[in-house]
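Notes follow the structure.
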Amino acid sequence: MLDELRRGLDRGELFLEHQPKVRLSTEDVTGVGALVRWRHPVRGLVNPNEFIPFAELTGIIGSLTQYVLNLALSQVRVWADAGICIPVAVNISARNLLDDKLVAQREQTAAFARDLAFA
């Protein structure tokens with residue numbers, strides 16, 4: 001599965017679904033949660049419960065997290081260009097929090113966001 005997940009990341013098989021966060025008292029959408037999904041070319045839609053724990057165990061979680069953050073930021077840019085300003089939440093793994101590369105990854109994400117801002 002490790003090779004398949006790496007190929008999936010390279011081929012853009014992973015995508016995000018956005019789950020609205022709604023204030024119940026007003027029914028206003030206050031943000032969205034970005035949820036990663038994997039459309040495998042043979043297996044079809046792979047449950048996140050199958051590939052996320054595997055990604056954590058094998059160490060590919062850092063690459064997966066960066067991929068998800070970049071997808072989320074790209075979508076934020078599309079929405080901003082359409083005049084929609086909405087907060088987007090992305091879950092990260094506890095394994096990410098223990099990774100000494102987290103700070104560098106955050107800097108890479110910030111650089112990607114800056115590039116999007118000027119696109």
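Labels for the structure tokens follow display order: chains A, B, ..., residues from 1 in each chain, ligands from 1.
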If DSSP is run on the backbone, what residues of chain A are strand (DSSP E)? A reply as a VMD selection string would be ideal. chain A and resid 14 to 23 28 to 40 44 to 46 88 to 90
Using only C-alpha atoms, determine which residues lie at most 8 Å from stretch 38-50 of chain A, disregarding the query and same-chain residues fewer than 4 positions distant; provide the list as a PyMOL selection string. chain A and resi 8+13-15+54
Between atom CA of A:Glu107 and atom CA of A:Gly33, measure the distance and give it in Å to one decimal. 21.6 Å
If we count only C-alpha atoms and set the cut-off at 12 Å, which residues sit around stretch 91-100 of chain A, ignoring sequence neighbours fewer than 3 positions away in its own chain? Please answer as an mmCIF file with N, CA and C atoms, in the first residue's frame.
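This is the output file result-v6.cif:
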data_model
loop_
_atom_site.group_PDB
_atom_site.id
_atom_site.type_symbol
_atom_site.label_atom_id
_atom_site.label_comp_id
_atom_site.auth_asym_id
_atom_site.auth_seq_id
_atom_site.Cartn_x
_atom_site.Cartn_y
_atom_site.Cartn_z
ATOM 1 N N LEU A 16 -10.042 16.435 -1.775
ATOM 2 C CA LEU A 16 -10.690 16.897 -0.548
ATOM 3 C C LEU A 16 -12.195 16.986 -0.735
ATOM 4 N N VAL A 32 -15.379 25.503 6.936
ATOM 5 C CA VAL A 32 -15.456 24.135 6.432
ATOM 6 C C VAL A 32 -14.267 23.348 6.945
ATOM 7 N N GLY A 33 -14.462 22.053 7.063
ATOM 8 C CA GLY A 33 -13.377 21.131 7.358
ATOM 9 C C GLY A 33 -12.967 20.446 6.062
ATOM 10 N N ALA A 34 -11.690 20.389 5.788
ATOM 11 C CA ALA A 34 -11.183 19.733 4.587
ATOM 12 C C ALA A 34 -10.849 18.283 4.940
ATOM 13 N N LEU A 35 -11.532 17.349 4.289
ATOM 14 C CA LEU A 35 -11.377 15.925 4.574
ATOM 15 C C LEU A 35 -10.763 15.226 3.370
ATOM 16 N N VAL A 36 -9.645 14.532 3.584
ATOM 17 C CA VAL A 36 -8.953 13.883 2.476
ATOM 18 C C VAL A 36 -9.643 12.566 2.104
ATOM 19 N N ILE A 52 -4.935 6.431 6.238
ATOM 20 C CA ILE A 52 -4.307 7.406 7.141
ATOM 21 C C ILE A 52 -3.482 6.713 8.237
ATOM 22 N N PRO A 53 -4.030 5.704 8.943
ATOM 23 C CA PRO A 53 -3.173 5.008 9.921
ATOM 24 C C PRO A 53 -1.936 4.383 9.271
ATOM 25 N N PHE A 54 -2.094 3.874 8.064
ATOM 26 C CA PHE A 54 -0.961 3.304 7.346
ATOM 27 C C PHE A 54 0.079 4.393 7.061
ATOM 28 N N ALA A 55 -0.391 5.552 6.642
ATOM 29 C CA ALA A 55 0.521 6.667 6.368
ATOM 30 C C ALA A 55 1.263 7.074 7.643
ATOM 31 N N GLU A 56 0.576 7.036 8.775
ATOM 32 C CA GLU A 56 1.223 7.376 10.048
ATOM 33 C C GLU A 56 2.302 6.362 10.405
ATOM 34 N N LEU A 57 2.003 5.092 10.190
ATOM 35 C CA LEU A 57 2.948 4.033 10.552
ATOM 36 C C LEU A 57 4.181 4.014 9.662
ATOM 37 N N THR A 58 4.033 4.386 8.412
ATOM 38 C CA THR A 58 5.140 4.294 7.466
ATOM 39 C C THR A 58 5.930 5.586 7.332
ATOM 40 N N GLY A 59 5.445 6.664 7.922
ATOM 41 C CA GLY A 59 6.162 7.928 7.844
ATOM 42 C C GLY A 59 5.800 8.784 6.639
ATOM 43 N N ILE A 60 4.914 8.299 5.785
ATOM 44 C CA ILE A 60 4.498 9.091 4.620
ATOM 45 C C ILE A 60 3.474 10.163 5.022
ATOM 46 N N ILE A 61 3.114 10.181 6.290
ATOM 47 C CA ILE A 61 2.108 11.128 6.777
ATOM 48 C C ILE A 61 2.546 12.574 6.534
ATOM 49 N N GLY A 62 3.845 12.855 6.605
ATOM 50 C CA GLY A 62 4.320 14.213 6.349
ATOM 51 C C GLY A 62 4.016 14.654 4.926
ATOM 52 N N SER A 63 4.287 13.780 3.965
ATOM 53 C CA SER A 63 3.987 14.097 2.564
ATOM 54 C C SER A 63 2.492 14.220 2.341
ATOM 55 N N LEU A 64 1.729 13.344 2.962
ATOM 56 C CA LEU A 64 0.274 13.397 2.829
ATOM 57 C C LEU A 64 -0.268 14.695 3.416
ATOM 58 N N THR A 65 0.237 15.083 4.569
ATOM 59 C CA THR A 65 -0.214 16.327 5.206
ATOM 60 C C THR A 65 0.103 17.530 4.325
ATOM 61 N N GLN A 66 1.309 17.589 3.771
ATOM 62 C CA GLN A 66 1.679 18.707 2.906
ATOM 63 C C GLN A 66 0.785 18.749 1.677
ATOM 64 N N TYR A 67 0.491 17.595 1.116
ATOM 65 C CA TYR A 67 -0.389 17.491 -0.049
ATOM 66 C C TYR A 67 -1.772 18.050 0.283
ATOM 67 N N VAL A 68 -2.303 17.648 1.432
ATOM 68 C CA VAL A 68 -3.634 18.104 1.858
ATOM 69 C C VAL A 68 -3.634 19.606 2.106
ATOM 70 N N LEU A 69 -2.607 20.109 2.765
ATOM 71 C CA LEU A 69 -2.529 21.551 3.015
ATOM 72 C C LEU A 69 -2.485 22.336 1.704
ATOM 73 N N ALA A 72 -5.920 22.294 0.138
ATOM 74 C CA ALA A 72 -6.828 23.175 0.874
ATOM 75 C C ALA A 72 -6.548 24.638 0.536
ATOM 76 N N VAL A 88 -10.984 27.508 6.583
ATOM 77 C CA VAL A 88 -10.877 26.079 6.277
ATOM 78 C C VAL A 88 -9.993 25.427 7.333
ATOM 79 N N VAL A 103 8.043 22.319 11.576
ATOM 80 C CA VAL A 103 8.293 23.752 11.389
ATOM 81 C C VAL A 103 8.671 24.037 9.938
ATOM 82 N N ALA A 104 9.537 23.201 9.366
ATOM 83 C CA ALA A 104 9.924 23.382 7.963
ATOM 84 C C ALA A 104 8.720 23.182 7.052
ATOM 85 N N GLN A 105 7.870 22.230 7.398
ATOM 86 C CA GLN A 105 6.670 21.985 6.604
ATOM 87 C C GLN A 105 5.739 23.188 6.667
ATOM 88 N N ARG A 106 5.624 23.792 7.827
ATOM 89 C CA ARG A 106 4.787 24.981 7.983
ATOM 90 C C ARG A 106 5.325 26.124 7.132
#
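The spacing separating atom CA of A:Phe51 from atom CA of A:Gln19 amounts to 19.6 Å.
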Give the alpha helix (DSSP H) residues of stretch 20-80 of chain A, as DSSP finds them on the backbone, and put them as a ChimeraX atom specification. /A:48-58,61-80
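Closest to A:Lys21 among A:Leu102, A:Ala113, A:Ile86, A:Leu71 is A:Ile86, based on only C-alpha atoms.
Nearest residue to A:Gly31 among A:Ala82, A:Ala110, A:Val76, A:Leu2 is A:Val76, counting only C-alpha atoms.
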